[in-house]
>>> print(open('upload.txt').read())   # compact mmCIF, C-alpha atoms
# COMPACT_ATOMS: atom_id res chain seq x y z
CA MET B 1479 -15.81 0.98 44.61
CA HIS B 1480 -17.72 -0.58 47.45
CA ASP B 1481 -20.31 1.17 49.57
CA ILE B 1482 -18.93 1.86 53.04
CA ARG B 1483 -22.13 0.31 54.40
CA MET B 1484 -20.97 -3.03 53.01
CA VAL B 1485 -17.96 -2.87 55.32
CA ARG B 1486 -20.24 -2.00 58.21
CA ASP B 1487 -23.31 -4.14 57.55
CA ALA B 1488 -22.34 -6.85 55.01
CA ALA B 1489 -18.72 -7.62 55.77
CA GLU B 1490 -19.21 -11.35 55.21
CA SER B 1491 -20.34 -10.73 51.63
CA LEU B 1492 -17.14 -8.77 51.06
CA ARG B 1493 -15.06 -11.55 52.60
CA ALA B 1494 -16.83 -14.17 50.48
CA GLY B 1495 -16.31 -12.13 47.31
CA MET B 1496 -12.56 -11.98 47.87
CA ARG B 1497 -12.47 -15.74 48.63
CA ARG B 1498 -14.34 -16.53 45.42
CA ARG B 1499 -11.82 -14.51 43.46
CA GLY B 1500 -9.03 -16.54 45.04
CA LYS B 1501 -7.74 -13.43 46.80
CA ALA B 1502 -8.39 -14.36 50.43
CA ASP B 1503 -4.68 -14.41 51.29
CA THR B 1504 -3.85 -11.04 49.73
CA LEU B 1505 -7.13 -9.14 50.10
CA GLY B 1506 -8.59 -10.81 53.18
CA PRO B 1507 -6.35 -8.84 55.57
CA LEU B 1508 -7.34 -5.62 53.80
CA VAL B 1509 -11.01 -6.44 54.30
CA GLU B 1510 -10.40 -7.02 58.00
CA ARG B 1511 -8.43 -3.78 58.22
CA ALA B 1512 -11.29 -1.94 56.50
CA ILE B 1513 -13.75 -3.34 59.05
CA ALA B 1514 -11.52 -2.19 61.91
CA LEU B 1515 -11.07 1.26 60.36
CA GLU B 1516 -14.81 1.72 59.90
CA SER B 1517 -15.34 0.84 63.57
CA GLU B 1518 -12.60 3.29 64.56
CA ARG B 1519 -14.05 5.99 62.32
CA ARG B 1520 -17.55 5.63 63.79
CA SER B 1521 -16.15 5.54 67.30
CA ALA B 1522 -14.23 8.75 66.67
CA ILE B 1523 -17.36 10.42 65.22
CA GLN B 1524 -19.42 9.46 68.27
CA ALA B 1525 -16.72 10.61 70.69
CA THR B 1526 -16.36 13.89 68.79
CA GLU B 1527 -20.08 14.60 69.04
CA GLU B 1528 -20.03 13.86 72.77
CA LYS B 1529 -17.05 16.16 73.33
CA LYS B 1530 -18.68 18.92 71.27
CA ALA B 1531 -21.85 18.63 73.34
CA ALA B 1532 -19.81 18.87 76.53
CA ARG B 1533 -17.92 21.89 75.20
CA ASN B 1534 -21.18 23.61 74.24
CA ALA B 1535 -22.56 22.96 77.72
CA ALA B 1536 -19.40 24.37 79.26
CA SER B 1537 -19.60 27.45 77.03
CA GLN B 1538 -23.21 28.04 78.05
CA GLU B 1539 -22.30 27.75 81.73
CA VAL B 1540 -19.40 30.18 81.24
CA ALA B 1541 -21.86 32.69 79.77
CA LYS B 1542 -24.19 32.27 82.77
CA ARG B 1543 -21.40 32.74 85.27
CA LYS B 1544 -20.07 35.83 83.55
CA LYS B 1545 -23.55 37.29 83.46
CA ALA B 1546 -23.85 36.63 87.20
CA GLY B 1547 -20.40 38.08 87.82
CA GLN B 1548 -18.99 34.74 88.89
CA ALA B 1549 -15.55 33.28 88.09
CA ALA B 1550 -15.42 30.76 85.19
CA ASP B 1551 -11.71 30.06 84.83
CA ASP B 1552 -12.16 26.36 85.56
CA LEU B 1553 -14.84 26.00 82.88
CA LEU B 1554 -12.77 27.95 80.35
CA ALA B 1555 -9.84 25.63 80.93
CA SER B 1556 -12.15 22.64 80.55
CA ALA B 1557 -13.55 24.00 77.27
CA ARG B 1558 -10.02 24.51 75.91
CA ALA B 1559 -9.09 20.97 76.88
CA LEU B 1560 -12.23 19.66 75.21
CA GLY B 1561 -11.30 21.62 72.08
CA ASP B 1562 -7.89 19.93 71.97
CA GLU B 1563 -9.54 16.54 72.39
CA ILE B 1564 -12.00 17.31 69.61
CA THR B 1565 -9.13 18.28 67.27
CA ALA B 1566 -7.33 15.02 68.05
CA LEU B 1567 -10.50 13.00 67.48
CA GLU B 1568 -11.18 14.73 64.16
CA GLN B 1569 -7.63 13.99 63.05
CA ARG B 1570 -8.11 10.35 64.05
CA GLN B 1571 -11.39 10.23 62.13
CA HIS B 1572 -9.76 11.79 59.03
CA ALA B 1573 -6.84 9.37 59.15
CA ALA B 1574 -9.18 6.37 59.46
CA GLN B 1575 -11.35 7.67 56.59
CA SER B 1576 -8.35 8.24 54.32
CA GLU B 1577 -6.93 4.77 54.90
CA LEU B 1578 -10.37 3.21 54.52
CA ASP B 1579 -10.94 5.00 51.20
CA GLU B 1580 -7.56 3.79 49.95
CA ILE B 1581 -8.44 0.20 50.81
CA LEU B 1582 -11.94 0.37 49.33
CA ILE B 1583 -10.71 1.76 46.01
CA GLY B 1584 -8.27 -1.16 45.74
CA LEU B 1585 -10.77 -3.96 46.42
CA PRO B 1586 -12.29 -5.64 43.33
CA ASN B 1587 -15.99 -6.05 42.63
CA ILE B 1588 -17.91 -8.95 44.14
CA PRO B 1589 -18.81 -11.66 41.58
CA LEU B 1590 -22.51 -12.24 40.99
CA ASP B 1591 -24.02 -15.43 42.39
CA ASP B 1592 -24.24 -17.18 39.00
CA VAL B 1593 -20.52 -16.72 38.31
CA PRO B 1594 -18.74 -20.07 38.88
CA ASP B 1595 -16.09 -20.35 41.56
CA GLY B 1596 -12.50 -21.12 40.61
CA ASP B 1597 -9.74 -19.85 38.36
CA GLU B 1598 -9.43 -19.82 34.56
CA SER B 1599 -9.79 -23.61 34.46
CA ALA B 1600 -13.36 -23.23 35.78
CA ASN B 1601 -14.53 -21.00 32.92
CA VAL B 1602 -17.66 -22.36 31.26
CA VAL B 1603 -18.35 -22.48 27.52
CA LEU B 1604 -22.02 -21.53 27.30
CA ARG B 1605 -22.60 -21.79 23.56
CA THR B 1606 -20.86 -21.91 20.21
CA TRP B 1607 -21.77 -20.59 16.78
CA GLY B 1608 -20.48 -21.81 13.44
CA THR B 1609 -18.08 -24.60 12.62
CA PRO B 1610 -14.38 -23.99 13.21
CA ARG B 1611 -12.33 -24.64 10.10
CA ALA B 1612 -9.75 -27.42 10.22
CA ALA B 1613 -6.19 -26.21 10.62
CA GLU B 1614 -4.83 -28.30 7.76
CA SER B 1615 -3.71 -26.22 4.78
CA VAL B 1616 -4.50 -22.95 6.57
CA THR B 1617 -1.67 -20.43 6.58
CA PRO B 1618 -1.16 -18.31 9.74
CA HIS B 1619 -2.30 -14.73 9.35
CA TRP B 1620 1.21 -13.28 9.78
CA ASP B 1621 2.36 -15.15 6.68
CA VAL B 1622 -0.77 -14.12 4.77
CA GLY B 1623 -0.29 -10.49 5.78
CA GLU B 1624 3.31 -10.49 4.57
CA ARG B 1625 2.49 -12.26 1.29
CA LEU B 1626 -0.40 -9.92 0.45
CA ASN B 1627 1.35 -6.83 1.84
CA LEU B 1628 -1.50 -6.17 4.28
CA PHE B 1629 0.61 -5.11 7.23
CA ASP B 1630 4.25 -4.43 7.94
CA LEU B 1631 5.40 -5.46 11.40
CA ALA B 1632 9.11 -5.01 10.70
CA ARG B 1633 8.82 -1.36 9.71
CA ALA B 1634 6.35 -0.74 12.56
CA ALA B 1635 9.01 -2.04 14.95
CA LYS B 1636 11.56 0.25 13.30
CA ILE B 1637 9.50 3.38 13.89
CA SER B 1638 7.84 2.49 17.21
CA GLY B 1639 9.18 -0.78 18.62
CA SER B 1640 7.75 -4.26 18.90
CA GLY B 1641 4.03 -4.62 19.49
CA PHE B 1642 2.95 -2.00 16.94
CA ILE B 1643 1.37 -2.43 13.49
CA VAL B 1644 1.50 -0.60 10.18
CA TYR B 1645 -1.41 -1.63 7.96
CA ARG B 1646 -0.93 -1.08 4.24
CA GLY B 1647 -3.04 -1.19 1.10
CA ALA B 1648 -5.92 -3.64 1.42
CA GLY B 1649 -4.98 -4.19 5.07
CA ALA B 1650 -5.55 -0.52 5.88
CA ARG B 1651 -8.78 -0.57 3.87
CA LEU B 1652 -9.93 -3.66 5.80
CA GLN B 1653 -9.43 -1.76 9.08
CA ARG B 1654 -11.50 1.15 7.85
CA ALA B 1655 -14.20 -1.16 6.50
CA LEU B 1656 -14.51 -3.09 9.76
CA ILE B 1657 -14.78 0.08 11.84
CA SER B 1658 -17.49 1.59 9.60
CA PHE B 1659 -19.38 -1.71 9.41
CA MET B 1660 -19.43 -2.13 13.19
CA LEU B 1661 -20.42 1.47 13.92
CA ASP B 1662 -23.25 1.36 11.37
CA LEU B 1663 -24.49 -1.95 12.76
CA HIS B 1664 -24.55 -0.72 16.35
CA THR B 1665 -26.05 2.69 15.61
CA GLN B 1666 -28.57 1.74 12.93
CA GLN B 1667 -29.70 -1.67 14.16
CA HIS B 1668 -28.82 -1.82 17.87
CA GLY B 1669 -29.76 1.72 18.92
CA TYR B 1670 -26.44 3.09 20.15
CA GLU B 1671 -25.51 6.75 19.91
CA GLU B 1672 -22.12 7.22 18.27
CA ALA B 1673 -19.45 9.28 20.01
CA TRP B 1674 -15.97 10.44 19.08
CA VAL B 1675 -13.94 10.59 22.27
CA PRO B 1676 -10.55 11.90 23.46
CA LEU B 1677 -7.65 9.45 23.42
CA PHE B 1678 -6.20 10.93 26.62
CA VAL B 1679 -8.00 11.18 29.95
CA ASN B 1680 -7.18 12.42 33.44
CA ARG B 1681 -6.51 10.34 36.54
CA GLU B 1682 -10.05 10.85 37.84
CA SER B 1683 -11.45 9.17 34.74
CA MET B 1684 -9.12 6.19 35.05
CA LEU B 1685 -10.00 5.83 38.73
CA ALA B 1686 -13.71 5.97 37.97
CA THR B 1687 -13.71 2.98 35.62
CA GLY B 1688 -11.28 0.93 37.71
CA GLN B 1689 -8.09 1.08 35.63
CA LEU B 1690 -6.38 2.91 38.48
CA PRO B 1691 -4.82 2.37 40.88
CA LYS B 1692 -4.44 -1.38 40.20
CA PHE B 1693 -3.34 -1.34 36.55
CA GLU B 1694 -1.21 1.80 36.39
CA GLU B 1695 1.86 -0.12 35.20
CA ASP B 1696 -0.07 -1.25 32.12
CA MET B 1697 -1.00 2.30 31.12
CA TYR B 1698 0.87 4.81 28.98
CA ALA B 1699 1.17 8.12 30.85
CA LEU B 1700 2.25 11.50 29.51
CA ARG B 1701 5.42 12.86 31.06
CA ASP B 1702 4.51 16.55 31.33
CA ASP B 1703 0.73 16.40 31.75
CA PRO B 1704 -1.45 14.42 34.21
CA LEU B 1705 -3.02 12.39 31.41
CA PHE B 1706 -3.14 8.75 30.36
CA ALA B 1707 -3.58 7.24 26.90
CA ILE B 1708 -6.86 5.32 27.00
CA PRO B 1709 -6.71 1.50 27.15
CA THR B 1710 -10.27 1.37 25.80
CA ALA B 1711 -13.01 3.82 24.84
CA GLU B 1712 -14.92 2.47 27.85
CA VAL B 1713 -13.01 5.00 29.95
CA PRO B 1714 -13.98 8.28 28.23
CA ILE B 1715 -17.49 7.06 27.34
CA THR B 1716 -18.38 6.00 30.89
CA ASN B 1717 -16.94 9.21 32.31
CA LEU B 1718 -19.11 11.35 30.05
CA LEU B 1719 -21.79 11.02 32.74
CA ARG B 1720 -19.51 11.27 35.77
CA ASP B 1721 -21.05 13.28 38.63
CA GLU B 1722 -24.43 13.46 36.88
CA LEU B 1723 -27.96 12.66 38.04
CA LEU B 1724 -29.86 10.98 35.23
CA ASP B 1725 -33.56 11.05 34.50
CA ASN B 1726 -34.99 7.55 34.79
CA ALA B 1727 -36.90 8.12 31.54
CA ARG B 1728 -33.56 8.26 29.70
CA LEU B 1729 -32.48 4.78 30.83
CA PRO B 1730 -31.15 2.64 29.39
CA LEU B 1731 -28.59 4.86 27.69
CA ALA B 1732 -26.36 3.28 25.06
CA MET B 1733 -23.29 4.67 23.36
CA THR B 1734 -20.67 3.33 20.97
CA ALA B 1735 -17.34 4.72 19.82
CA HIS B 1736 -14.36 3.73 17.76
CA SER B 1737 -10.98 4.59 19.18
CA ALA B 1738 -7.36 3.63 19.18
CA CYS B 1739 -6.45 1.81 22.41
CA PHE B 1740 -3.08 1.79 24.14
CA ARG B 1741 -1.79 -0.86 26.53
CA ARG B 1742 1.75 -1.48 27.69
CA GLU B 1743 0.89 -5.14 28.47
CA ALA B 1744 3.55 -5.00 31.16
CA GLY B 1745 2.62 -8.40 32.55
CA ALA B 1746 2.29 -10.20 29.21
CA ALA B 1747 5.87 -10.34 27.91
CA GLY B 1748 6.45 -13.30 25.61
CA LYS B 1749 2.78 -14.35 25.56
CA ASP B 1750 0.94 -14.64 22.20
CA THR B 1751 3.19 -12.07 20.54
CA ARG B 1752 3.25 -13.30 16.94
CA GLY B 1753 1.43 -11.36 14.26
CA LEU B 1754 -1.58 -9.40 15.47
CA LEU B 1755 -2.32 -11.37 18.63
CA ARG B 1756 -0.94 -9.01 21.28
CA VAL B 1757 -0.06 -5.41 20.47
CA HIS B 1758 0.41 -2.10 22.29
CA GLN B 1759 -1.86 -0.05 20.02
CA PHE B 1760 -5.01 -1.31 18.37
CA ASP B 1761 -8.42 -0.15 17.17
CA LYS B 1762 -11.65 -1.14 18.81
CA VAL B 1763 -15.35 -0.32 18.67
CA GLU B 1764 -16.72 -0.13 22.20
CA LEU B 1765 -20.27 -0.56 23.52
CA VAL B 1766 -21.41 1.02 26.82
CA ARG B 1767 -24.81 0.95 28.50
CA TRP B 1768 -26.07 2.76 31.62
CA VAL B 1769 -29.07 0.92 33.06
CA ALA B 1770 -31.34 0.65 36.09
CA PRO B 1771 -30.16 -2.05 38.54
CA GLU B 1772 -33.30 -4.12 37.99
CA GLU B 1773 -32.50 -4.35 34.28
CA SER B 1774 -28.77 -4.97 34.38
CA ALA B 1775 -28.87 -8.77 33.95
CA ALA B 1776 -31.11 -8.54 30.87
CA GLN B 1777 -29.14 -5.58 29.50
CA HIS B 1778 -25.90 -7.54 29.90
CA GLU B 1779 -27.34 -10.33 27.76
CA LEU B 1780 -28.56 -7.77 25.21
CA LEU B 1781 -25.15 -6.12 24.84
CA THR B 1782 -23.44 -9.50 24.54
CA GLY B 1783 -25.86 -10.38 21.75
CA HIS B 1784 -24.95 -7.18 19.93
CA ALA B 1785 -21.28 -8.15 19.97
CA GLU B 1786 -22.15 -11.67 18.82
CA THR B 1787 -24.06 -10.26 15.86
CA VAL B 1788 -20.83 -8.75 14.52
CA LEU B 1789 -19.14 -12.16 14.48
CA GLN B 1790 -22.17 -13.81 12.90
CA GLN B 1791 -22.29 -11.26 10.10
CA LEU B 1792 -18.56 -11.73 9.54
CA ASP B 1793 -19.18 -15.50 9.38
CA LEU B 1794 -16.55 -16.21 12.04
CA PRO B 1795 -17.07 -19.25 14.29
CA TYR B 1796 -17.03 -18.23 17.95
CA ARG B 1797 -17.91 -19.34 21.43
CA VAL B 1798 -19.28 -17.52 24.50
CA VAL B 1799 -17.39 -18.22 27.70
CA LEU B 1800 -18.62 -17.34 31.19
CA LEU B 1801 -15.56 -16.43 33.23
CA ALA B 1802 -15.09 -17.94 36.67
CA ALA B 1803 -14.74 -15.64 39.66
CA GLY B 1804 -10.96 -15.95 39.76
CA ASP B 1805 -10.66 -14.96 36.09
CA THR B 1806 -13.13 -12.07 36.18
CA GLY B 1807 -11.68 -8.58 35.77
CA PHE B 1808 -11.13 -6.24 38.70
CA ALA B 1809 -14.20 -4.03 38.20
CA SER B 1810 -16.54 -6.65 36.74
CA ALA B 1811 -19.17 -8.65 38.60
CA LYS B 1812 -19.80 -10.97 35.64
CA THR B 1813 -18.07 -11.31 32.28
CA TYR B 1814 -18.72 -13.17 29.04
CA ASP B 1815 -15.71 -13.53 26.76
CA LEU B 1816 -16.39 -13.92 23.04
CA GLU B 1817 -13.67 -16.06 21.51
CA VAL B 1818 -13.26 -16.43 17.75
CA PHE B 1819 -11.50 -19.46 16.29
CA ALA B 1820 -8.38 -18.79 14.20
CA PRO B 1821 -7.42 -22.05 12.45
CA GLY B 1822 -3.97 -20.88 11.36
CA VAL B 1823 -3.08 -20.09 14.96
CA GLY B 1824 -5.01 -23.13 16.18
CA LYS B 1825 -6.51 -21.18 19.07
CA TRP B 1826 -9.64 -19.52 20.32
CA LEU B 1827 -8.88 -15.79 20.49
CA GLU B 1828 -10.72 -13.38 22.77
CA VAL B 1829 -12.17 -10.53 20.71
CA SER B 1830 -14.61 -9.12 23.27
CA SER B 1831 -15.21 -9.12 27.00
CA CYS B 1832 -18.80 -8.16 27.81
CA SER B 1833 -19.05 -7.21 31.47
CA ASN B 1834 -21.68 -6.22 34.00
CA PHE B 1835 -20.05 -3.90 36.55
CA THR B 1836 -23.22 -3.53 38.65
CA ASP B 1837 -22.83 -0.23 40.57
CA PHE B 1838 -19.06 -0.59 41.06
CA GLN B 1839 -18.03 1.96 38.41
CA ALA B 1840 -21.04 4.19 39.06
CA ARG B 1841 -20.03 4.62 42.70
CA ARG B 1842 -16.52 5.59 41.72
CA ALA B 1843 -17.84 7.93 39.01
CA ASN B 1844 -20.88 9.14 41.02
CA ILE B 1845 -23.40 8.38 38.26
CA ARG B 1846 -26.91 8.23 39.72
CA PHE B 1847 -30.53 8.26 38.62
CA ARG B 1848 -33.84 9.08 40.25
CA ALA B 1849 -36.45 6.40 39.59
CA ALA B 1850 -39.41 8.66 40.42
CA ALA B 1851 -40.08 12.14 41.77
CA GLY B 1852 -39.38 12.32 45.48
CA GLU B 1853 -37.36 9.11 45.57
CA LYS B 1854 -33.76 9.01 46.76
CA PRO B 1855 -31.23 8.86 43.89
CA ARG B 1856 -29.58 5.48 43.27
CA PHE B 1857 -26.47 4.46 41.39
CA VAL B 1858 -26.92 3.14 37.86
CA HIS B 1859 -25.38 -0.11 36.69
CA THR B 1860 -22.83 0.08 33.88
CA ILE B 1861 -22.31 -2.57 31.22
CA ASN B 1862 -19.78 -2.60 28.42
CA GLY B 1863 -18.05 -4.77 25.88
CA SER B 1864 -16.01 -4.67 22.73
CA GLY B 1865 -18.03 -4.68 19.60
CA LEU B 1866 -15.30 -5.69 18.51
CA ALA B 1867 -11.51 -5.39 18.96
CA LEU B 1868 -9.94 -5.41 15.50
CA PRO B 1869 -6.53 -7.14 15.45
CA ARG B 1870 -7.72 -10.62 16.32
CA VAL B 1871 -10.82 -10.22 14.16
CA VAL B 1872 -8.52 -9.42 11.24
CA ALA B 1873 -6.39 -12.46 12.10
CA ALA B 1874 -9.48 -14.68 12.13
CA ILE B 1875 -10.75 -13.28 8.80
CA LEU B 1876 -7.39 -13.85 7.13
CA GLU B 1877 -7.26 -17.43 8.40
CA HIS B 1878 -10.87 -18.61 8.35
CA HIS B 1879 -11.74 -17.09 4.96
CA GLN B 1880 -8.67 -18.29 3.05
CA ARG B 1881 -9.29 -19.79 -0.40
CA PRO B 1882 -7.21 -22.49 -2.11
CA ASP B 1883 -5.83 -19.94 -4.58
CA GLY B 1884 -4.39 -17.85 -1.73
CA THR B 1885 -6.97 -15.07 -1.84
CA ILE B 1886 -9.15 -14.08 1.11
CA ALA B 1887 -12.94 -14.00 0.79
CA VAL B 1888 -14.37 -10.78 2.21
CA PRO B 1889 -17.53 -11.52 4.27
CA THR B 1890 -20.69 -10.48 2.43
CA ALA B 1891 -21.75 -7.95 5.09
CA LEU B 1892 -18.35 -6.27 4.85
CA GLN B 1893 -18.12 -6.04 1.07
CA PRO B 1894 -20.03 -2.71 0.69
CA TYR B 1895 -17.52 -1.11 3.06
CA PHE B 1896 -14.42 -2.81 1.67
CA GLY B 1897 -15.40 -2.30 -1.96
CA ALA B 1898 -14.49 -5.81 -3.19
CA ALA B 1899 -15.41 -9.46 -2.62
CA SER B 1900 -11.87 -10.68 -2.07
CA ILE B 1901 -8.37 -9.71 -0.97
CA GLY B 1902 -5.40 -10.74 -3.13
>>> encode(input="upload.txt", output="structure tokens")
Amino acid sequence: MHDIRMVRDAAESLRAGMRRRGKADTLGPLVERAIALESERRSAIQATEEKKAARNAASQEVAKRKKAGQAADDLLASARALGDEITALEQRQHAAQSELDEILIGLPNIPLDDVPDGDESANVVLRTWGTPRAAESVTPHWDVGERLNLFDLARAAKISGSGFIVYRGAGARLQRALISFMLDLHTQQHGYEEAWVPLFVNRESMLATGQLPKFEEDMYALRDDPLFAIPTAEVPITNLLRDELLDNARLPLAMTAHSACFRREAGAAGKDTRGLLRVHQFDKVELVRWVAPEESAAQHELLTGHAETVLQQLDLPYRVVLLAAGDTGFASAKTYDLEVFAPGVGKWLEVSSCSNFTDFQARRANIRFRAAAGEKPRFVHTINGSGLALPRVVAAILEHHQRPDGTIAVPTALQPYFGAASIG
């Protein structure tokens, strides 16, 4: 959420941010309406204070007249009229504030200066790691999964519908191994505290991290309770510190959690639906950091490196892509996508989005810190990313690590968790 002072004092930055996102036509009018509402709100506040001062003066004069035994009917009538005007002005101020808040909560974050302009076509590949395997003689992961009985999409569809997965045998064990491997890596080597979080959160939590109100159609909601199934553990983790004032000595704070994630993918029908590429329920290990604003750029790079380490230890070729402003998520100011290459699919698959939200989420969640005694509290910056999302990682392992005999080589770092060097 944006600071109301940005509407008042830095409106051009807000306008420019919406233009860079390619949203000038749809969001530009909202920005202008917000500017007008802030002016109206301030005008109503000033007029209210003036009317209250006049009413107080009239009340004091009434008291003097009564004490002197003089008539004060005219002043009493004037005070009542001023009271009615004050009520109307306060209602006007409240209406302007409510509409302004509604607009501000629906405006996306402003991209950082080093984020390129443009849409998805302007995304920049910053670096690559490893050598993508040639697609020849590589079997797509959905065929491998069926042949080795690793997952059962047909029966998953029978019990839940399309877009769900049942992992079986070695496939289920591979899920468990990946989750344990990632959590141990992030807690033992990268310094994250592990958490086990609820899979359902309230509306306030979804608003705080930016999933609501914009993406409500993509969320699963409970019918009889005001709760949503989480789309990512980012939501409950970030909200752990909602409405808290943090000690500067504790920053940066870092937390990781494994969770199931639920997404309706309402706007993605027919896109990348084969195998494990796009599903409604999946497992993910999430990374979240709360940092001082001065450190957020460096902390963003650090978190991205932690996610990259997972792919390196799994020996999966990947690339780091800096998203252009028009392709950057609603709440993010800067995002790196980690894309792993799956030769059987013949595509780069996003397995992590590592984002710097600056103070956008912290304002919505009211997460602040005090840098030093006596200083005014400031909002922290929040950073998060997947470390990693499992379905596409599994797809890449099954495709990239195929052997000529049809077995799958288990990456060395994963073998202690999986309990074998191969699948099949």
>>> closest_atom_pairs(input="upload.txt", of="segment 1549-1654 of chain B", to="segment 1797-1805 of chain B", cutoff="8 Å", atoms="all atoms listed in the file", output="JSON lines")
{"residue": "B:Pro1589", "atom": "CA", "partner": "B:Ala1803", "partner_atom": "CA", "distance": 6.0}
{"residue": "B:Val1593", "atom": "CA", "partner": "B:Ala1802", "partner_atom": "CA", "distance": 5.8}
{"residue": "B:Pro1594", "atom": "CA", "partner": "B:Ala1802", "partner_atom": "CA", "distance": 4.8}
{"residue": "B:Asp1595", "atom": "CA", "partner": "B:Ala1803", "partner_atom": "CA", "distance": 5.3}
{"residue": "B:Gly1596", "atom": "CA", "partner": "B:Gly1804", "partner_atom": "CA", "distance": 5.5}
{"residue": "B:Asp1597", "atom": "CA", "partner": "B:Gly1804", "partner_atom": "CA", "distance": 4.3}
{"residue": "B:Glu1598", "atom": "CA", "partner": "B:Asp1805", "partner_atom": "CA", "distance": 5.2}
{"residue": "B:Ala1600", "atom": "CA", "partner": "B:Ala1802", "partner_atom": "CA", "distance": 5.6}
{"residue": "B:Asn1601", "atom": "CA", "partner": "B:Leu1801", "partner_atom": "CA", "distance": 4.7}
{"residue": "B:Val1602", "atom": "CA", "partner": "B:Leu1800", "partner_atom": "CA", "distance": 5.1}
{"residue": "B:Val1603", "atom": "CA", "partner": "B:Val1799", "partner_atom": "CA", "distance": 4.4}
{"residue": "B:Leu1604", "atom": "CA", "partner": "B:Val1798", "partner_atom": "CA", "distance": 5.6}
{"residue": "B:Arg1605", "atom": "CA", "partner": "B:Val1798", "partner_atom": "CA", "distance": 5.5}
{"residue": "B:Thr1606", "atom": "CA", "partner": "B:Arg1797", "partner_atom": "CA", "distance": 4.1}
{"residue": "B:Trp1607", "atom": "CA", "partner": "B:Arg1797", "partner_atom": "CA", "distance": 6.2}
>>> closest_residue(input="upload.txt", among="B:Lys1692, B:Arg1870, B:Arg1741, B:Arg1651", to="Phe1896 of chain B", atoms="all atoms listed in the file")
B:Arg1651
>>> residues_near_point(input="upload.txt", point="(-17.7, 1.0, 2.0)", cutoff="9 Å", atoms="all atoms listed in the file", output="PyMOL selection string")
chain B and resi 1654-1655+1658-1659+1892-1897
>>> write_last_selection(input="upload.txt", atoms="C-alpha atoms", output="compact mmCIF listing (two decimals), in the frame of the given file")
# COMPACT_ATOMS: atom_id res chain seq x y z
CA ARG B 1654 -11.50 1.15 7.85
CA ALA B 1655 -14.20 -1.16 6.50
CA SER B 1658 -17.49 1.59 9.60
CA PHE B 1659 -19.38 -1.71 9.41
CA LEU B 1892 -18.35 -6.27 4.85
CA GLN B 1893 -18.12 -6.04 1.07
CA PRO B 1894 -20.03 -2.71 0.69
CA TYR B 1895 -17.52 -1.11 3.06
CA PHE B 1896 -14.42 -2.81 1.67
CA GLY B 1897 -15.40 -2.30 -1.96
>>> residues_around(input="upload.txt", residues="Ala1843 of chain B", least_positions_apart="2", cutoff="10 Å", atoms="all atoms listed in the file", output="ChimeraX atom specification")
/B:1479,1682-1688,1716-1722,1837-1841,1845-1846,1857
>>> residues_around(input="upload.txt", residues="segment 1871-1876 of chain B", least_positions_apart="6", cutoff="9 Å", atoms="only C-alpha atoms", output="count of residues only")
29
>>> axis_aligned_box(input="upload.txt", around="segment 1498-1513 of chain B", padding_each_side="5 Å", output="AutoDock Vina command-line options")
--center_x -9.1 --center_y -9.2 --center_z 51.3 --size_x 20.5 --size_y 24.6 --size_z 25.6
>>> residues_near_point(input="upload.txt", point="(-19.2, -3.0, 37.7)", cutoff="7 Å", atoms="all atoms listed in the file", output="list in words")
Asn1587, Ala1809, Ser1810, Ala1811, Asn1834, Phe1835, Thr1836, Asp1837, Phe1838, Gln1839, His1859 and Thr1860 of chain B
>>> closest_residue(input="upload.txt", among="B:Ala1635, B:Val1858, B:Leu1816, B:Leu1628", to="Val1769 of chain B", atoms="only C-alpha atoms")
B:Val1858
>>> atom_distance(input="upload.txt", atom1="atom CA of Leu1567 of chain B", atom2="atom CA of Thr1526 of chain B")
6.1 Å
>>> closest_residue(input="upload.txt", among="B:Leu1661, B:Ala1512, B:Ala1559, B:Ala1711", to="Leu1585 of chain B", atoms="only C-alpha atoms")
B:Ala1512
>>> closest_residue(input="upload.txt", among="B:Ser1774, B:Gln1880, B:Asn1726, B:Gln1759", to="Pro1709 of chain B", atoms="only C-alpha atoms")
B:Gln1759
>>> closest_residue(input="upload.txt", among="B:His1879, B:Lys1762, B:Arg1842, B:His1784", to="Ala1867 of chain B", atoms="all atoms listed in the file")
B:Lys1762
>>> residues_around(input="upload.txt", residues="Ala1634 of chain B", least_positions_apart="6", cutoff="9 Å", atoms="only C-alpha atoms", output="MDAnalysis selection string")
chainID B and resid 1640:1644
>>> atom_distance(input="upload.txt", atom1="atom CA of Glu1877 of chain B", atom2="atom CA of Thr1665 of chain B")
28.5 Å
>>> closest_residue(input="upload.txt", among="B:Val1757, B:Ala1770, B:Ala1850, B:Val1509", to="Leu1729 of chain B", atoms="all atoms listed in the file")
B:Ala1770
>>> atom_distance(input="upload.txt", atom1="atom CA of Glu1516 of chain B", atom2="atom CA of Pro1771 of chain B")
26.6 Å
>>> residues_around(input="upload.txt", residues="segment 1529-1541 of chain B", least_positions_apart="2", cutoff="6 Å", atoms="only C-alpha atoms", output="list in words")
Thr1526, Glu1527, Arg1543, Lys1544, Ala1550 and Ala1557 of chain B
>>> residues_around(input="upload.txt", residues="Ala1699 of chain B", least_positions_apart="5", cutoff="10 Å", atoms="all atoms listed in the file", output="PDB file with C-alpha atoms, keeping the file's coordinate frame")
ATOM      1  CA  PHE B1678      -6.200  10.930  26.620  1.00  0.00           C
ATOM      2  CA  VAL B1679      -8.000  11.180  29.950  1.00  0.00           C
ATOM      3  CA  ASN B1680      -7.180  12.420  33.440  1.00  0.00           C
ATOM      4  CA  ARG B1681      -6.510  10.340  36.540  1.00  0.00           C
ATOM      5  CA  GLU B1694      -1.210   1.800  36.390  1.00  0.00           C
ATOM      6  CA  PRO B1704      -1.450  14.420  34.210  1.00  0.00           C
ATOM      7  CA  LEU B1705      -3.020  12.390  31.410  1.00  0.00           C
ATOM      8  CA  PHE B1706      -3.140   8.750  30.360  1.00  0.00           C
ATOM      9  CA  ALA B1707      -3.580   7.240  26.900  1.00  0.00           C
ATOM     10  CA  ILE B1708      -6.860   5.320  27.000  1.00  0.00           C
TER      11      ILE B1708
END
